[in-house]
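What follows is the content of work_26.tsv, which has TSV, C-alpha atoms:
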```
chain	number	residue	atom	x	y	z
T	1	MET	CA	153.83	-103.81	116.98
T	2	PHE	CA	151.31	-104.35	119.76
T	3	MET	CA	148.70	-102.18	117.99
T	4	ARG	CA	149.19	-104.04	114.66
T	5	ALA	CA	148.83	-107.39	116.44
T	6	PHE	CA	145.75	-106.16	118.29
T	7	ALA	CA	144.20	-104.92	115.02
T	8	ALA	CA	144.86	-108.26	113.34
T	9	VAL	CA	143.29	-110.19	116.21
T	10	SER	CA	140.31	-107.84	116.20
T	11	ALA	CA	139.83	-108.32	112.47
T	12	ILE	CA	139.91	-112.11	112.84
T	13	ALA	CA	137.46	-111.92	115.74
T	14	CYS	CA	135.14	-109.75	113.64
T	15	VAL	CA	135.18	-112.20	110.74
T	16	PHE	CA	134.55	-115.08	113.14
T	17	THR	CA	131.64	-113.23	114.71
T	18	LEU	CA	130.08	-112.50	111.34
T	19	GLY	CA	130.54	-116.10	110.28
T	20	THR	CA	128.88	-117.29	113.46
T	21	ALA	CA	126.01	-114.86	112.96
T	22	HIS	CA	125.52	-116.13	109.43
T	23	GLY	CA	126.05	-119.72	110.48
T	24	GLN	CA	125.43	-121.44	113.78
T	25	GLU	CA	123.21	-118.82	115.40
T	26	TYR	CA	120.86	-118.39	112.44
T	27	PRO	CA	117.97	-117.80	112.81
T	28	THR	CA	117.72	-115.54	115.85
T	29	ARG	CA	114.39	-114.00	114.79
T	30	PRO	CA	111.44	-114.92	112.54
T	31	VAL	CA	112.19	-115.65	108.88
T	32	THR	CA	109.77	-114.46	106.19
T	33	VAL	CA	109.09	-117.03	103.47
T	34	VAL	CA	107.39	-115.36	100.52
T	35	LEU	CA	104.99	-117.55	98.55
T	36	PRO	CA	104.18	-115.70	95.31
T	37	TYR	CA	100.97	-117.62	94.59
T	38	ALA	CA	97.45	-117.92	95.93
T	39	VAL	CA	96.64	-119.73	99.17
T	40	GLY	CA	95.65	-123.35	98.68
T	41	GLY	CA	97.53	-124.14	95.49
T	42	GLY	CA	100.12	-126.90	95.11
T	43	VAL	CA	103.14	-124.67	95.69
T	44	ASP	CA	101.45	-122.98	98.64
T	45	LEU	CA	100.60	-126.35	100.20
T	46	ILE	CA	104.13	-127.79	99.99
T	47	GLY	CA	105.76	-124.50	100.96
T	48	ARG	CA	103.71	-124.33	104.15
T	49	ILE	CA	104.57	-127.92	105.05
T	50	ILE	CA	108.29	-127.19	104.76
T	51	ALA	CA	108.04	-123.84	106.57
T	52	ALA	CA	106.28	-125.57	109.47
T	53	GLN	CA	109.04	-128.16	109.76
T	54	LEU	CA	111.75	-125.49	109.59
T	55	SER	CA	109.97	-123.63	112.39
T	56	GLU	CA	109.87	-126.76	114.53
T	57	ASP	CA	113.50	-127.71	113.86
T	58	ASN	CA	114.92	-124.27	114.58
T	59	ASN	CA	112.73	-123.02	117.44
T	60	GLN	CA	112.06	-119.95	115.37
T	61	ARG	CA	109.11	-119.08	113.17
T	62	PHE	CA	109.36	-119.33	109.39
T	63	VAL	CA	106.39	-117.11	108.55
T	64	VAL	CA	104.68	-117.61	105.18
T	65	GLU	CA	103.47	-114.52	103.34
T	66	ASN	CA	101.56	-114.77	100.04
T	67	LYS	CA	102.58	-112.03	97.59
T	68	LEU	CA	100.72	-112.50	94.31
T	69	GLY	CA	101.23	-110.97	90.92
T	70	ALA	CA	102.73	-111.42	87.45
T	71	SER	CA	102.90	-115.25	87.56
T	72	GLY	CA	104.98	-115.17	90.71
T	73	ILE	CA	107.39	-112.45	89.61
T	74	VAL	CA	106.13	-109.80	92.06
T	75	GLY	CA	106.98	-111.87	95.14
T	76	ALA	CA	110.24	-113.17	93.72
T	77	GLN	CA	111.43	-109.69	92.74
T	78	MET	CA	110.57	-108.35	96.18
T	79	VAL	CA	112.80	-111.01	97.74
T	80	SER	CA	115.60	-110.35	95.25
T	81	GLU	CA	115.79	-106.78	96.53
T	82	ALA	CA	115.73	-107.70	100.24
T	83	LYS	CA	118.73	-107.63	102.54
T	84	PRO	CA	120.78	-110.82	101.90
T	85	ASP	CA	120.79	-111.87	105.54
T	86	GLY	CA	118.67	-115.01	105.25
T	87	TYR	CA	115.58	-113.51	106.88
T	88	THR	CA	113.66	-113.06	103.62
T	89	LEU	CA	113.35	-116.11	101.37
T	90	VAL	CA	111.07	-117.09	98.51
T	91	TYR	CA	109.45	-120.48	98.03
T	92	THR	CA	108.34	-120.88	94.45
T	93	SER	CA	107.76	-123.10	91.46
T	94	GLY	CA	110.99	-123.52	89.57
T	95	ILE	CA	109.31	-124.24	86.26
T	96	THR	CA	107.26	-121.04	86.54
T	97	MET	CA	110.30	-118.98	87.37
T	98	SER	CA	112.18	-120.61	84.48
T	99	THR	CA	109.66	-119.29	81.96
T	100	ALA	CA	107.60	-116.41	83.37
T	101	PRO	CA	110.28	-113.68	83.25
T	102	ALA	CA	110.78	-114.24	79.51
T	103	MET	CA	107.03	-114.05	78.89
T	104	LEU	CA	106.43	-110.73	80.65
T	105	LYS	CA	106.67	-107.62	78.49
T	106	GLY	CA	109.25	-105.19	79.76
T	107	SER	CA	110.28	-107.37	82.69
T	108	SER	CA	113.77	-106.62	83.98
T	109	PHE	CA	113.68	-109.51	86.45
T	110	ASP	CA	116.20	-112.25	85.74
T	111	PHE	CA	115.56	-115.50	87.59
T	112	VAL	CA	119.19	-116.63	87.43
T	113	ARG	CA	120.83	-113.28	88.10
T	114	ASP	CA	118.52	-111.83	90.73
T	115	LEU	CA	118.04	-114.70	93.20
T	116	THR	CA	120.39	-117.00	95.10
T	117	PRO	CA	119.46	-120.70	94.71
T	118	ILE	CA	119.52	-122.51	98.07
T	119	ALA	CA	117.74	-125.86	97.76
T	120	GLU	CA	115.39	-127.86	95.59
T	121	THR	CA	112.62	-129.09	97.86
T	122	ALA	CA	110.00	-131.07	95.93
T	123	PHE	CA	109.24	-132.43	92.50
T	124	GLY	CA	106.24	-134.07	90.89
T	125	PRO	CA	105.64	-135.55	87.46
T	126	GLU	CA	102.72	-134.95	85.14
T	127	VAL	CA	100.15	-137.49	83.95
T	128	PHE	CA	98.82	-137.84	80.39
T	129	VAL	CA	95.11	-138.68	80.62
T	130	VAL	CA	92.42	-139.01	77.95
T	131	ASN	CA	88.66	-139.01	77.80
T	132	LEU	CA	87.18	-142.50	77.68
T	133	ASN	CA	85.95	-141.87	74.11
T	134	VAL	CA	89.55	-141.79	72.89
T	135	PRO	CA	90.29	-145.31	71.56
T	136	ALA	CA	93.98	-145.34	72.52
T	137	LYS	CA	94.63	-147.57	75.50
T	138	THR	CA	98.38	-146.84	75.74
T	139	PHE	CA	100.63	-143.87	75.12
T	140	GLY	CA	102.19	-145.76	72.23
T	141	GLU	CA	98.77	-146.10	70.59
T	142	LEU	CA	98.03	-142.45	71.21
T	143	LEU	CA	100.93	-141.09	69.14
T	144	PRO	CA	99.72	-142.28	65.71
T	145	TYR	CA	96.19	-141.28	66.73
T	146	LEU	CA	97.39	-137.73	67.37
T	147	LYS	CA	98.96	-137.51	63.91
T	148	GLN	CA	95.80	-138.88	62.28
T	149	HIS	CA	93.53	-136.48	64.20
T	150	PRO	CA	94.92	-132.92	64.02
T	151	ASP	CA	91.79	-131.66	65.79
T	152	PHE	CA	92.70	-133.60	68.96
T	153	LYS	CA	92.47	-131.11	71.81
T	154	TRP	CA	94.51	-131.13	75.03
T	155	SER	CA	93.71	-129.07	78.11
T	156	THR	CA	96.47	-127.46	80.16
T	157	GLY	CA	96.60	-125.32	83.28
T	158	GLY	CA	97.47	-122.14	81.39
T	159	VAL	CA	99.54	-120.47	78.70
T	160	GLY	CA	103.24	-121.04	79.28
T	161	SER	CA	102.63	-123.72	81.91
T	162	LEU	CA	104.77	-126.83	82.06
T	163	GLU	CA	101.88	-128.78	80.53
T	164	HIS	CA	101.58	-126.32	77.65
T	165	LEU	CA	105.30	-126.42	76.89
T	166	THR	CA	105.52	-130.21	77.22
T	167	ILE	CA	102.65	-130.84	74.78
T	168	ALA	CA	104.08	-128.29	72.33
T	169	ALA	CA	107.42	-130.10	72.46
T	170	LEU	CA	105.64	-133.44	71.96
T	171	ASN	CA	103.76	-132.09	68.93
T	172	LYS	CA	107.04	-130.99	67.39
T	173	GLN	CA	108.83	-134.23	68.19
T	174	ILE	CA	106.22	-136.54	66.66
T	175	GLY	CA	105.01	-134.25	63.88
T	176	ALA	CA	101.52	-133.74	65.29
T	177	SER	CA	99.44	-130.56	65.45
T	178	ALA	CA	97.13	-131.26	68.38
T	179	VAL	CA	95.32	-128.21	69.72
T	180	ILE	CA	96.43	-126.92	73.13
T	181	ALA	CA	93.63	-125.33	75.14
T	182	ALA	CA	94.79	-123.23	78.08
T	183	TYR	CA	92.37	-123.26	81.00
T	184	ASN	CA	92.52	-121.14	84.11
T	185	GLY	CA	94.08	-123.83	86.28
T	186	VAL	CA	94.38	-127.59	86.45
T	187	GLY	CA	90.91	-128.15	87.93
T	188	PRO	CA	88.94	-126.59	85.06
T	189	GLY	CA	91.20	-128.27	82.49
T	190	THR	CA	90.68	-131.70	84.04
T	191	ALA	CA	86.92	-131.14	84.27
T	192	ALA	CA	86.90	-130.28	80.56
T	193	ALA	CA	88.59	-133.59	79.78
T	194	VAL	CA	86.05	-135.54	81.85
T	195	ALA	CA	83.17	-133.70	80.14
T	196	GLY	CA	84.56	-134.31	76.66
T	197	GLU	CA	85.12	-130.62	75.89
T	198	VAL	CA	88.70	-131.68	75.16
T	199	ASN	CA	90.09	-135.10	74.31
T	200	GLY	CA	92.79	-135.26	76.94
T	201	ALA	CA	94.81	-133.42	79.54
T	202	LEU	CA	98.30	-133.22	80.91
T	203	ALA	CA	98.22	-132.40	84.61
T	204	PRO	CA	99.94	-133.03	87.96
T	205	LEU	CA	98.88	-136.19	89.76
T	206	PRO	CA	96.75	-134.43	92.44
T	207	GLY	CA	94.69	-132.82	89.68
T	208	VAL	CA	93.74	-136.07	87.93
T	209	ARG	CA	94.16	-138.86	90.46
T	210	GLY	CA	90.54	-138.76	91.59
T	211	SER	CA	89.25	-138.94	88.01
T	212	VAL	CA	91.62	-141.79	87.13
T	213	GLU	CA	90.66	-143.80	90.22
T	214	ALA	CA	86.95	-143.13	89.56
T	215	GLY	CA	87.36	-144.38	85.99
T	216	THR	CA	86.24	-141.13	84.34
T	217	LEU	CA	89.65	-140.53	82.73
T	218	ARG	CA	92.21	-143.02	81.41
T	219	ALA	CA	95.85	-142.51	82.43
T	220	LEU	CA	98.26	-143.40	79.61
T	221	ALA	CA	101.67	-142.31	80.89
T	222	VAL	CA	103.53	-140.41	83.57
T	223	THR	CA	106.42	-138.07	82.85
T	224	SER	CA	108.73	-139.29	85.63
T	225	ALA	CA	111.82	-141.44	85.11
T	226	VAL	CA	110.19	-144.31	87.03
T	227	ARG	CA	106.59	-145.30	87.63
T	228	MET	CA	104.70	-143.49	90.35
T	229	PRO	CA	103.75	-145.56	93.40
T	230	GLN	CA	100.30	-143.95	93.34
T	231	LEU	CA	99.75	-145.24	89.76
T	232	PRO	CA	101.89	-148.39	89.60
T	233	ASN	CA	100.19	-149.76	86.47
T	234	VAL	CA	100.71	-146.62	84.42
T	235	PRO	CA	103.97	-146.71	82.41
T	236	THR	CA	106.34	-143.80	81.98
T	237	VAL	CA	106.67	-141.84	78.76
T	238	ALA	CA	110.21	-143.21	78.54
T	239	GLU	CA	108.86	-146.78	78.65
T	240	SER	CA	106.41	-145.87	75.91
T	241	GLY	CA	109.02	-145.11	73.27
T	242	PHE	CA	110.79	-141.94	74.43
T	243	PRO	CA	113.94	-143.08	76.28
T	244	GLY	CA	115.28	-140.43	78.63
T	245	PHE	CA	112.08	-138.39	78.66
T	246	GLU	CA	111.43	-136.63	81.97
T	247	SER	CA	109.32	-133.63	82.86
T	248	TYR	CA	108.61	-132.36	86.35
T	249	ASN	CA	106.96	-129.61	88.26
T	250	TRP	CA	109.67	-128.75	90.76
T	251	GLN	CA	109.92	-126.33	93.65
T	252	GLY	CA	112.64	-124.74	95.68
T	253	ILE	CA	113.82	-122.04	98.06
T	254	TRP	CA	115.81	-119.00	96.98
T	255	GLY	CA	117.20	-115.98	98.77
T	256	PRO	CA	118.14	-112.46	97.68
T	257	LYS	CA	121.09	-111.99	95.37
T	258	GLN	CA	124.60	-111.72	96.86
T	259	MET	CA	123.96	-113.92	99.90
T	260	PRO	CA	127.16	-115.04	101.68
T	261	LYS	CA	128.10	-118.61	100.77
T	262	GLU	CA	128.37	-119.73	104.39
T	263	LEU	CA	124.82	-118.51	105.06
T	264	VAL	CA	123.51	-120.23	101.93
T	265	ASN	CA	125.10	-123.51	103.02
T	266	ASN	CA	123.70	-123.14	106.52
T	267	ILE	CA	120.12	-122.60	105.30
T	268	HIS	CA	120.55	-125.39	102.75
T	269	ASP	CA	121.51	-127.83	105.50
T	270	LYS	CA	118.50	-126.82	107.59
T	271	ILE	CA	116.21	-127.42	104.62
T	272	VAL	CA	117.77	-130.84	103.95
T	273	LYS	CA	117.18	-131.74	107.60
T	274	ALA	CA	113.55	-130.62	107.39
T	275	LEU	CA	112.98	-132.66	104.23
T	276	ALA	CA	114.44	-135.76	105.90
T	277	ASN	CA	111.70	-135.72	108.54
T	278	ALA	CA	109.48	-138.77	107.94
T	279	ALA	CA	106.20	-136.99	108.69
T	280	THR	CA	107.11	-134.11	106.40
T	281	LYS	CA	107.99	-136.53	103.60
T	282	GLU	CA	104.60	-138.19	104.01
T	283	ARG	CA	102.77	-134.87	103.90
T	284	ILE	CA	104.66	-133.85	100.76
T	285	ALA	CA	103.82	-137.21	99.16
T	286	ALA	CA	100.14	-136.76	100.06
T	287	GLY	CA	100.28	-133.50	98.11
T	288	GLY	CA	101.43	-135.36	94.99
T	289	PHE	CA	105.10	-134.48	95.25
T	290	ALA	CA	108.28	-136.18	96.41
T	291	VAL	CA	111.51	-135.05	98.05
T	292	PRO	CA	114.25	-134.98	95.40
T	293	PRO	CA	117.78	-136.33	95.80
T	294	THR	CA	119.85	-133.70	97.61
T	295	LYS	CA	121.63	-131.15	95.45
T	296	THR	CA	124.28	-128.81	96.82
T	297	PRO	CA	123.51	-125.11	96.31
T	298	GLU	CA	126.00	-125.14	93.42
T	299	GLN	CA	124.34	-128.16	91.82
T	300	PHE	CA	120.95	-126.57	92.31
T	301	ALA	CA	122.16	-123.36	90.65
T	302	ALA	CA	123.40	-125.36	87.65
T	303	TYR	CA	120.05	-127.16	87.43
T	304	VAL	CA	118.16	-123.86	87.48
T	305	LYS	CA	120.27	-122.57	84.59
T	306	SER	CA	119.71	-125.76	82.61
T	307	GLU	CA	115.93	-125.49	83.05
T	308	VAL	CA	115.90	-121.89	81.79
T	309	ALA	CA	117.99	-122.96	78.79
T	310	LYS	CA	115.74	-125.96	78.08
T	311	TYR	CA	112.51	-124.00	77.86
T	312	ASP	CA	113.82	-120.87	76.15
T	313	PRO	CA	113.69	-122.29	72.59
T	314	ILE	CA	110.21	-123.71	73.21
T	315	LEU	CA	108.97	-120.27	74.29
T	316	THR	CA	110.53	-118.86	71.12
T	317	ASP	CA	108.82	-121.46	68.92
T	318	LEU	CA	105.46	-120.65	70.53
T	319	ASN	CA	105.99	-116.88	70.20
T	320	LEU	CA	105.50	-116.53	73.94
T	321	LYS	CA	108.44	-114.29	74.72
T	322	GLY	CA	107.11	-110.93	75.86
T	323	SER	CA	103.56	-112.15	75.27
T	324	GLN	CA	102.03	-111.11	78.58
```

Show me this structure written as structure tokens.
Amino acid sequence: MFMRAFAAVSAIACVFTLGTAHGQEYPTRPVTVVLPYAVGGGVDLIGRIIAAQLSEDNNQRFVVENKLGASGIVGAQMVSEAKPDGYTLVYTSGITMSTAPAMLKGSSFDFVRDLTPIAETAFGPEVFVVNLNVPAKTFGELLPYLKQHPDFKWSTGGVGSLEHLTIAALNKQIGASAVIAAYNGVGPGTAAAVAGEVNGALAPLPGVRGSVEAGTLRALAVTSAVRMPQLPNVPTVAESGFPGFESYNWQGIWGPKQMPKELVNNIHDKIVKALANAATKERIAAGGFAVPPTKTPEQFAAYVKSEVAKYDPILTDLNLKGSQ
């Protein structure tokens, strides 16, 4: 009887110890945050801001490591195969992860299956801008112009990017056939719009704000649900005749598959605390993004699945599945 009671108490103590290790004491050593993109890009910038705040809050380093390759898949897959102890995380663009695996030939990586969603961290809308030679002064005026001018050319930041998929969906919705030119990044695409190589561009705010404020590009609409404080006079797409329209570049933090729920919740709460820091919010806003309303890990997981489902038929229509 005594031995059975002792064994039961020992088992309970073991579970409690494990829970504490996963919970209150985490982290007890440096945490690696994999950024699967180049240094200096939008995701890299915001990821480093958040990692710095997590380091400060927890008296433990959250060390950023850039692991490039295959549109972010190389770094994400490396994390998916790591030990699920919370010491290897990935900070990445959700929209890229929602589409890139389907576009890669022979890829066995599954964004939903192979990573554990922890927290959405930042989101930023896109801005429709046009060259000053385009006569449309509003997004509403642009739509008939697009249908009347099938040679209208948009620049985007690359094949399969959010901008590419959003314009393709717009073409289909309004019955237009505007040309989509994929440039190697937002900067070159925006420069092409200013120079008149293309008629317009869809790009994140940081990529076009300077040109809009300088008067070399005209902003017609933003893809957020409400107007952006940085461009208060530019209406939303929803205001311009597409009720409910929203499109965002969004980012988040994931861990390896099969992470314990208690650990996921613990890291989630630490991220929420970091995002609530006023200085961190300001730095994220300066980068053209905003802190989203808090989602639980379960709500975030559901959102991730919905994003994959939303873009899958668009990739199919564009014949982009397995295209790279």

With all atoms listed in the file as the counted atoms, please give the residues lying no more than 12 Å from T:Pro206, apart from itself and same-chain residues fewer than 4 positions off, as a ChimeraX atom specification.
/T:41-42,45,124-127,186-187,190,202,210-213,230-231,284-289

One-decimal distance in Å that lies between atom CA of T:Thr296 and atom CA of T:Val226:
23.1 Å

Per-axis box centre and lengths in Å around stretch 185-199 of chain T, 6 Å margin per side, axis-aligned, as lines of an AutoDock Vina configuration file:
```
center_x = 88.8
center_y = -129.7
center_z = 81.1
size_x = 23.2
size_y = 23.7
size_z = 25.6
```

If we count all atoms listed in the file, what is near T:Leu35 at a cut-off of 7 Å, once residues fewer than 6 positions away on the same chain are taken out, given as number ranges by chain?
T: 44, 64-67, 75, 90-92

Can you tell me which residues surround T:Lys147 at a distance of at most 12 Å, considering all atoms listed in the file, apart from same-chain residues fewer than 6 positions away, and format the answer as a list in words?
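With the cut-off at 12 Å, the set is Glu141, Leu170, Asn171, Lys172, Gln173, Ile174, Gly175, Ala176, Ser177, Ala178 and Val179 of chain T.
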
Residues as selected, C-alpha atoms, written as an mmCIF file, in the coordinates of the input, can you do that?
```cif
data_model
loop_
_atom_site.group_PDB
_atom_site.id
_atom_site.type_symbol
_atom_site.label_atom_id
_atom_site.label_comp_id
_atom_site.auth_asym_id
_atom_site.auth_seq_id
_atom_site.Cartn_x
_atom_site.Cartn_y
_atom_site.Cartn_z
ATOM 1 C CA GLU T 141 98.770 -146.100 70.590
ATOM 2 C CA LEU T 170 105.640 -133.440 71.960
ATOM 3 C CA ASN T 171 103.760 -132.090 68.930
ATOM 4 C CA LYS T 172 107.040 -130.990 67.390
ATOM 5 C CA GLN T 173 108.830 -134.230 68.190
ATOM 6 C CA ILE T 174 106.220 -136.540 66.660
ATOM 7 C CA GLY T 175 105.010 -134.250 63.880
ATOM 8 C CA ALA T 176 101.520 -133.740 65.290
ATOM 9 C CA SER T 177 99.440 -130.560 65.450
ATOM 10 C CA ALA T 178 97.130 -131.260 68.380
ATOM 11 C CA VAL T 179 95.320 -128.210 69.720
#
```

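The interatomic distance for the pair atom CA of T:Ala100 and atom CA of T:Ala122 works out to 19.5 Å.
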
Residue with smallest distance to T:Arg113 - pool T:Tyr183, T:Phe139, T:Trp254, T:Tyr311, counting only C-alpha atoms
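Among T:Tyr183, T:Phe139, T:Trp254, T:Tyr311, it is T:Trp254 that comes nearest to T:Arg113.
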
With distances taken over all atoms listed in the file, which residue among T:Ser55, T:Asn131, T:Ser98, T:Thr156 lies nearest T:Tyr303?
T:Ser98

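Restricting the calculation to only C-alpha atoms, the smallest distance between T:Trp154 and any of T:Ile271, T:Ala278, T:Val198, T:Gly47 is found for T:Val198.
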
Protein/DNA/RNA residues near (93.3, -135.8, 77.3), cut 6 Å, all atoms listed in the file, as a ChimeraX atom specification:
/T:129-131,154,193,199-201

Interatomic distance, atom CA of T:Ser224 to atom CA of T:Ser71 (Å, one decimal):
24.8 Å

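Across T:Val39, T:Leu162, T:Ile50, T:Ala195, the tightest approach to T:Thr99 is made by T:Leu162 when counting only C-alpha atoms.
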
Taking 5 positions as the minimum chain separation for residues in the same chain, which residues sit within 10 Å of T:Gln53 when counting all atoms listed in the file? Answer as a ChimeraX atom specification.
/T:48,58-59,61-62,270-271,273-275,277,279-280

Selection export as an mmCIF file, in the frame of the given file, atoms kept: C-alpha atoms:
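Result went into part-v4.cif, see below:
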```cif
data_model
loop_
_atom_site.group_PDB
_atom_site.id
_atom_site.type_symbol
_atom_site.label_atom_id
_atom_site.label_comp_id
_atom_site.auth_asym_id
_atom_site.auth_seq_id
_atom_site.Cartn_x
_atom_site.Cartn_y
_atom_site.Cartn_z
ATOM 1 C CA ARG T 48 103.710 -124.330 104.150
ATOM 2 C CA ASN T 58 114.920 -124.270 114.580
ATOM 3 C CA ASN T 59 112.730 -123.020 117.440
ATOM 4 C CA ARG T 61 109.110 -119.080 113.170
ATOM 5 C CA PHE T 62 109.360 -119.330 109.390
ATOM 6 C CA LYS T 270 118.500 -126.820 107.590
ATOM 7 C CA ILE T 271 116.210 -127.420 104.620
ATOM 8 C CA LYS T 273 117.180 -131.740 107.600
ATOM 9 C CA ALA T 274 113.550 -130.620 107.390
ATOM 10 C CA LEU T 275 112.980 -132.660 104.230
ATOM 11 C CA ASN T 277 111.700 -135.720 108.540
ATOM 12 C CA ALA T 279 106.200 -136.990 108.690
ATOM 13 C CA THR T 280 107.110 -134.110 106.400
#
```
